>>> print(open('protein.txt').read())   # compact mmCIF, C-alpha atoms
# COMPACT_ATOMS: atom_id res chain seq x y z
CA MET A 1 -3.06 10.35 -10.96
CA LEU A 2 -3.32 12.31 -14.16
CA VAL A 3 -4.31 15.97 -13.79
CA GLY A 4 -4.55 17.57 -17.22
CA ALA A 5 -1.19 16.76 -18.73
CA VAL A 6 0.64 16.68 -15.40
CA PHE A 7 1.10 13.64 -13.18
CA VAL A 8 0.75 14.25 -9.47
CA VAL A 9 2.29 11.67 -7.16
CA SER A 10 2.52 11.96 -3.43
CA ALA A 11 5.78 10.65 -1.96
CA THR A 12 3.90 9.52 1.14
CA PRO A 13 0.44 8.01 1.07
CA PRO A 14 -2.38 10.20 2.41
CA PRO A 15 -3.75 9.40 5.89
CA ARG A 16 -6.70 7.45 4.50
CA ALA A 17 -4.33 4.88 2.98
CA GLN A 18 -4.55 1.37 4.31
CA SER A 19 -2.00 -1.36 4.29
CA ALA A 20 -2.73 -4.62 2.55
CA ASP A 21 -2.71 -7.35 5.17
CA MET A 22 -4.28 -10.71 5.89
CA THR A 23 -7.68 -9.15 6.70
CA ASP A 24 -7.75 -7.08 3.52
CA ASP A 25 -7.39 -9.33 0.49
CA PRO A 26 -5.95 -7.15 -2.28
CA LEU A 27 -7.12 -9.56 -4.98
CA GLN A 28 -10.75 -9.24 -3.89
CA ARG A 29 -10.55 -5.44 -3.74
CA LEU A 30 -8.86 -5.26 -7.15
CA ARG A 31 -11.43 -7.67 -8.59
CA GLY A 32 -14.27 -5.46 -7.36
CA LEU A 33 -12.75 -2.37 -8.97
CA CYS A 34 -12.19 -4.09 -12.31
CA LEU A 35 -15.54 -5.85 -12.55
CA ALA A 36 -17.42 -2.62 -11.76
CA LEU A 37 -16.40 -1.25 -15.18
CA PRO A 38 -18.64 -1.74 -18.25
CA GLU A 39 -18.36 -5.04 -20.14
CA THR A 40 -15.43 -6.32 -18.09
CA THR A 41 -14.74 -10.02 -17.64
CA GLU A 42 -12.23 -12.00 -15.63
CA ARG A 43 -10.30 -15.13 -16.51
CA LEU A 44 -6.90 -16.63 -15.84
CA SER A 45 -4.09 -15.50 -18.08
CA HIS A 46 -0.64 -16.98 -17.59
CA GLY A 47 -1.83 -18.46 -14.30
CA GLU A 48 -3.01 -15.17 -12.79
CA PRO A 49 -6.44 -13.47 -12.67
CA ALA A 50 -6.75 -10.90 -15.45
CA TRP A 51 -9.50 -8.50 -16.49
CA PHE A 52 -10.56 -7.92 -20.06
CA VAL A 53 -12.69 -5.40 -21.92
CA ARG A 54 -15.37 -7.29 -23.86
CA GLY A 55 -13.51 -10.52 -23.13
CA LYS A 56 -10.70 -9.64 -25.53
CA LYS A 57 -8.29 -6.91 -24.46
CA THR A 58 -6.50 -7.12 -21.10
CA PHE A 59 -6.36 -3.93 -19.06
CA VAL A 60 -5.27 -5.29 -15.64
CA THR A 61 -3.57 -8.49 -14.55
CA TYR A 62 -2.89 -9.60 -10.98
CA ALA A 63 0.68 -10.56 -10.12
CA ASP A 64 1.15 -12.73 -7.03
CA HIS A 65 4.93 -13.16 -6.94
CA HIS A 66 4.91 -13.48 -10.74
CA HIS A 67 8.65 -13.67 -11.53
CA ASP A 68 9.60 -11.60 -8.45
CA ASP A 69 8.89 -11.18 -4.74
CA ARG A 70 6.02 -8.69 -5.17
CA VAL A 71 2.27 -8.92 -4.87
CA GLY A 72 0.66 -6.36 -7.13
CA PHE A 73 -0.87 -5.84 -10.52
CA TRP A 74 0.16 -4.74 -13.97
CA CYS A 75 -2.06 -2.33 -15.88
CA ALA A 76 -2.29 -0.41 -19.10
CA ALA A 77 -1.39 3.23 -18.52
CA PRO A 78 -1.72 6.52 -20.39
CA PRO A 79 1.41 7.72 -22.21
CA GLY A 80 4.02 9.01 -19.76
CA ALA A 81 2.34 7.61 -16.64
CA GLN A 82 4.76 4.72 -16.16
CA GLU A 83 7.85 6.92 -16.26
CA ALA A 84 6.33 9.58 -13.99
CA LEU A 85 4.99 7.20 -11.34
CA VAL A 86 7.98 4.85 -11.23
CA GLY A 87 10.32 7.84 -11.07
CA ALA A 88 8.38 9.51 -8.26
CA ALA A 89 7.59 6.47 -6.10
CA PRO A 90 9.67 3.38 -7.00
CA GLU A 91 8.70 1.75 -3.71
CA ARG A 92 5.08 1.59 -4.95
CA TYR A 93 5.40 1.44 -8.76
CA PHE A 94 7.62 -0.54 -11.13
CA VAL A 95 8.12 -1.44 -14.76
CA PRO A 96 6.56 -4.90 -15.13
CA PRO A 97 8.18 -7.66 -17.18
CA TYR A 98 6.78 -8.51 -20.63
CA VAL A 99 4.49 -5.47 -20.92
CA GLY A 100 6.60 -2.71 -19.40
CA HIS A 101 8.14 -1.86 -22.77
CA ARG A 102 4.60 -0.95 -23.94
CA GLY A 103 4.18 1.59 -21.14
CA TRP A 104 2.27 -0.66 -18.74
CA LEU A 105 2.62 0.10 -15.05
CA GLY A 106 3.35 -2.28 -12.19
CA VAL A 107 1.65 -1.42 -8.89
CA ARG A 108 2.61 -3.02 -5.58
CA LEU A 109 -0.17 -4.24 -3.31
CA ASP A 110 2.14 -5.60 -0.60
CA VAL A 111 2.99 -2.09 0.66
CA ARG A 112 0.83 0.68 2.12
CA VAL A 113 -2.03 1.03 -0.38
CA ASP A 114 -4.34 3.96 -1.11
CA TRP A 115 -7.39 2.23 -2.62
CA ASP A 116 -8.78 5.51 -3.99
CA GLU A 117 -5.56 5.90 -5.98
CA ILE A 118 -5.72 2.25 -7.07
CA ALA A 119 -9.29 2.84 -8.30
CA GLU A 120 -8.05 5.77 -10.41
CA LEU A 121 -5.23 3.67 -11.88
CA VAL A 122 -7.66 0.86 -12.75
CA GLU A 123 -10.03 3.32 -14.42
CA ASP A 124 -7.14 4.89 -16.34
CA ALA A 125 -6.11 1.40 -17.48
CA TYR A 126 -9.65 0.69 -18.64
CA ARG A 127 -9.82 4.01 -20.50
CA SER A 128 -6.51 3.18 -22.22
CA ILE A 129 -7.97 -0.04 -23.67
CA ALA A 130 -11.76 0.34 -23.92
CA PRO A 131 -13.50 1.53 -27.10
CA LYS A 132 -15.01 5.02 -27.16
CA ARG A 133 -18.58 3.78 -26.67
CA LEU A 134 -17.70 2.07 -23.39
CA ILE A 135 -15.76 5.10 -22.18
CA ALA A 136 -18.82 7.24 -22.93
CA GLU A 137 -20.95 4.74 -20.98
CA LEU A 138 -18.53 4.99 -18.05
CA ASP A 139 -18.62 8.80 -18.19
CA ALA A 140 -22.42 8.80 -18.27
CA GLY A 141 -22.52 6.81 -15.01
CA PRO A 142 -25.25 4.44 -13.94
CA ALA A 143 -28.50 4.86 -15.90
CA ASP A 144 -30.59 4.76 -12.71
CA SER A 145 -28.75 7.72 -11.16
CA ALA A 146 -30.34 10.30 -13.50
CA ILE A 147 -32.62 12.71 -11.71
CA PRO A 148 -35.91 13.29 -13.60
>>> encode(input="protein.txt", output="structure tokens")
Amino acid sequence: MLVGAVFVVSATPPPRAQSADMTDDPLQRLRGLCLALPETTERLSHGEPAWFVRGKKTFVTYADHHHDDRVGFWCAAPPGAQEALVGAAPERYFVPPYVGHRGWLGVRLDVRVDWDEIAELVEDAYRSIAPKRLIAELDAGPADSAIP
């Protein structure tokens, strides 16, 4: 996760982490995180589910053994995040093919997964792609949560 200008990565997942297994479909959990963000849509891209801001710009794509033996996702990432996360925890993060040269991050979902951390990575990916108005909408939170 990004804290100011410093990336903090735990070498071992916190106790609340859960492993992805047959009872916990990582695609469904990832889908829920992505579609909860403003003006996000889903469609297949290169044979895999992908999530787009306003139907145009991809910010996350699922990768079910896409050119390797991993189940995970690829996501846009803030500058420096890919290098920091892959360097600190290569068993959980990787440089994905095709988009890795642009700083995108690969995240494994077939290992022990901390879904709070995944939610932060998905939001960071969204913030890397979304226009300022949608980021402001995200920061404002749900309209019905305002206390009169």
>>> residues_around(input="protein.txt", residues="A:Lys57", least_positions_apart="6", cutoff="10 Å", atoms="all atoms listed in the file", output="list in words")
Thr40, Thr41, Ala50, Trp51, Tyr126, Ile129 and Ala130 of chain A
>>> closest_residue(input="protein.txt", among="A:Gly47, A:Gly141, A:Pro38, A:Gly32", to="A:His65", atoms="only C-alpha atoms")
A:Gly47
>>> atom_distance(input="protein.txt", atom1="atom CA of A:Trp74", atom2="atom CA of A:Asp24")
19.3 Å
>>> residues_near_point(input="protein.txt", point="(-6.0, 4.4, -22.5)", cutoff="10 Å", atoms="all atoms listed in the file", output="PyMOL selection string")
chain A and resi 59+76-79+123-131+135
>>> axis_aligned_box(input="protein.txt", around="stretch 125-138 of chain A", padding_each_side="8 Å", output="lines of an AutoDock Vina configuration file")
center_x = -13.5
center_y = 3.6
center_z = -22.3
size_x = 30.8
size_y = 23.3
size_z = 25.7
>>> residues_around(input="protein.txt", residues="A:Glu83", least_positions_apart="3", cutoff="9 Å", atoms="only C-alpha atoms", output="PyMOL selection string")
chain A and resi 79-80+86-88+95+103+105
>>> residues_around(input="protein.txt", residues="A:Pro96", least_positions_apart="2", cutoff="8 Å", atoms="all atoms listed in the file", output="PyMOL selection string")
chain A and resi 74+94+98-100+104-106
>>> atom_distance(input="protein.txt", atom1="atom CA of A:Leu35", atom2="atom CA of A:Arg108")
19.6 Å
>>> atom_distance(input="protein.txt", atom1="atom CA of A:Lys56", atom2="atom CA of A:Lys132")
15.4 Å
>>> closest_residue(input="protein.txt", among="A:His101, A:Ala136, A:Leu85, A:Val60", to="A:Leu33", atoms="all atoms listed in the file")
A:Val60
>>> closest_residue(input="protein.txt", among="A:Glu39, A:Leu121, A:His46, A:Asp110", to="A:Ala81", atoms="all atoms listed in the file")
A:Leu121
>>> closest_residue(input="protein.txt", among="A:Arg92, A:Arg133, A:Arg102, A:Arg112", to="A:Pro26", atoms="all atoms listed in the file")
A:Arg112
>>> closest_residue(input="protein.txt", among="A:Asp139, A:Thr61, A:Asp25, A:Arg43", to="A:Trp115", atoms="only C-alpha atoms")
A:Asp25
>>> closest_residue(input="protein.txt", among="A:Glu120, A:Pro142, A:Glu48, A:Val113", to="A:Cys34", atoms="all atoms listed in the file")
A:Glu120
>>> decode(input="protein.txt", residues="stretch 116-145 of chain A", atoms="N, CA and C atoms", output="short mmCIF file (atom, residue, chain, number, x, y, z; two decimals), in the first residue's frame")
data_model
loop_
_atom_site.label_atom_id
_atom_site.label_comp_id
_atom_site.auth_asym_id
_atom_site.auth_seq_id
_atom_site.Cartn_x
_atom_site.Cartn_y
_atom_site.Cartn_z
N ASP A 116 -8.32 -7.01 2.09
CA ASP A 116 -8.25 -5.57 2.38
C ASP A 116 -7.14 -4.94 1.53
N GLU A 117 -6.01 -5.63 1.43
CA GLU A 117 -4.91 -5.14 0.61
C GLU A 117 -5.28 -5.14 -0.87
N ILE A 118 -5.99 -6.18 -1.30
CA ILE A 118 -6.44 -6.25 -2.70
C ILE A 118 -7.36 -5.07 -2.99
N ALA A 119 -8.25 -4.75 -2.06
CA ALA A 119 -9.17 -3.62 -2.24
C ALA A 119 -8.38 -2.31 -2.41
N GLU A 120 -7.31 -2.14 -1.65
CA GLU A 120 -6.48 -0.95 -1.79
C GLU A 120 -5.79 -0.90 -3.15
N LEU A 121 -5.29 -2.05 -3.61
CA LEU A 121 -4.63 -2.10 -4.92
C LEU A 121 -5.61 -1.78 -6.04
N VAL A 122 -6.83 -2.31 -5.94
CA VAL A 122 -7.86 -2.03 -6.95
C VAL A 122 -8.21 -0.55 -6.95
N GLU A 123 -8.37 0.04 -5.77
CA GLU A 123 -8.67 1.47 -5.71
C GLU A 123 -7.51 2.30 -6.26
N ASP A 124 -6.28 1.92 -5.94
CA ASP A 124 -5.12 2.62 -6.50
C ASP A 124 -5.11 2.52 -8.03
N ALA A 125 -5.46 1.35 -8.55
CA ALA A 125 -5.51 1.17 -10.01
C ALA A 125 -6.56 2.09 -10.62
N TYR A 126 -7.71 2.15 -10.00
CA TYR A 126 -8.79 3.02 -10.46
C TYR A 126 -8.33 4.48 -10.46
N ARG A 127 -7.71 4.90 -9.35
CA ARG A 127 -7.23 6.28 -9.23
C ARG A 127 -6.16 6.61 -10.27
N SER A 128 -5.41 5.59 -10.70
CA SER A 128 -4.37 5.80 -11.72
C SER A 128 -4.96 6.06 -13.10
N ILE A 129 -6.20 5.63 -13.32
CA ILE A 129 -6.82 5.70 -14.65
C ILE A 129 -7.98 6.69 -14.71
N ALA A 130 -8.75 6.78 -13.65
CA ALA A 130 -9.99 7.57 -13.66
C ALA A 130 -9.72 9.08 -13.79
N PRO A 131 -10.66 9.80 -14.41
CA PRO A 131 -10.53 11.26 -14.47
C PRO A 131 -10.77 11.88 -13.09
N LYS A 132 -10.32 13.11 -12.93
CA LYS A 132 -10.38 13.80 -11.64
C LYS A 132 -11.79 13.85 -11.06
N ARG A 133 -12.79 14.05 -11.89
CA ARG A 133 -14.16 14.16 -11.39
C ARG A 133 -14.61 12.86 -10.71
N LEU A 134 -14.24 11.72 -11.29
CA LEU A 134 -14.62 10.45 -10.69
C LEU A 134 -13.82 10.16 -9.42
N ILE A 135 -12.58 10.60 -9.38
CA ILE A 135 -11.79 10.45 -8.16
C ILE A 135 -12.40 11.30 -7.05
N ALA A 136 -12.83 12.50 -7.38
CA ALA A 136 -13.48 13.36 -6.40
C ALA A 136 -14.78 12.72 -5.90
N GLU A 137 -15.52 12.09 -6.80
CA GLU A 137 -16.76 11.39 -6.43
C GLU A 137 -16.43 10.23 -5.48
N LEU A 138 -15.37 9.51 -5.77
CA LEU A 138 -14.95 8.41 -4.91
C LEU A 138 -14.56 8.94 -3.53
N ASP A 139 -13.81 10.03 -3.50
CA ASP A 139 -13.37 10.62 -2.23
C ASP A 139 -14.55 11.15 -1.41
N ALA A 140 -15.58 11.63 -2.08
CA ALA A 140 -16.75 12.17 -1.40
C ALA A 140 -17.57 11.05 -0.73
N GLY A 141 -17.44 9.83 -1.24
CA GLY A 141 -18.19 8.70 -0.69
C GLY A 141 -19.62 8.72 -1.16
N PRO A 142 -20.42 7.78 -0.66
CA PRO A 142 -21.82 7.69 -1.07
C PRO A 142 -22.59 8.95 -0.66
N ALA A 143 -23.45 9.42 -1.54
CA ALA A 143 -24.22 10.65 -1.29
C ALA A 143 -25.16 10.48 -0.09
N ASP A 144 -25.66 9.25 0.13
CA ASP A 144 -26.63 9.04 1.20
C ASP A 144 -25.96 8.88 2.58
N SER A 145 -24.62 8.95 2.64
CA SER A 145 -23.96 8.79 3.92
C SER A 145 -23.74 10.11 4.65
#
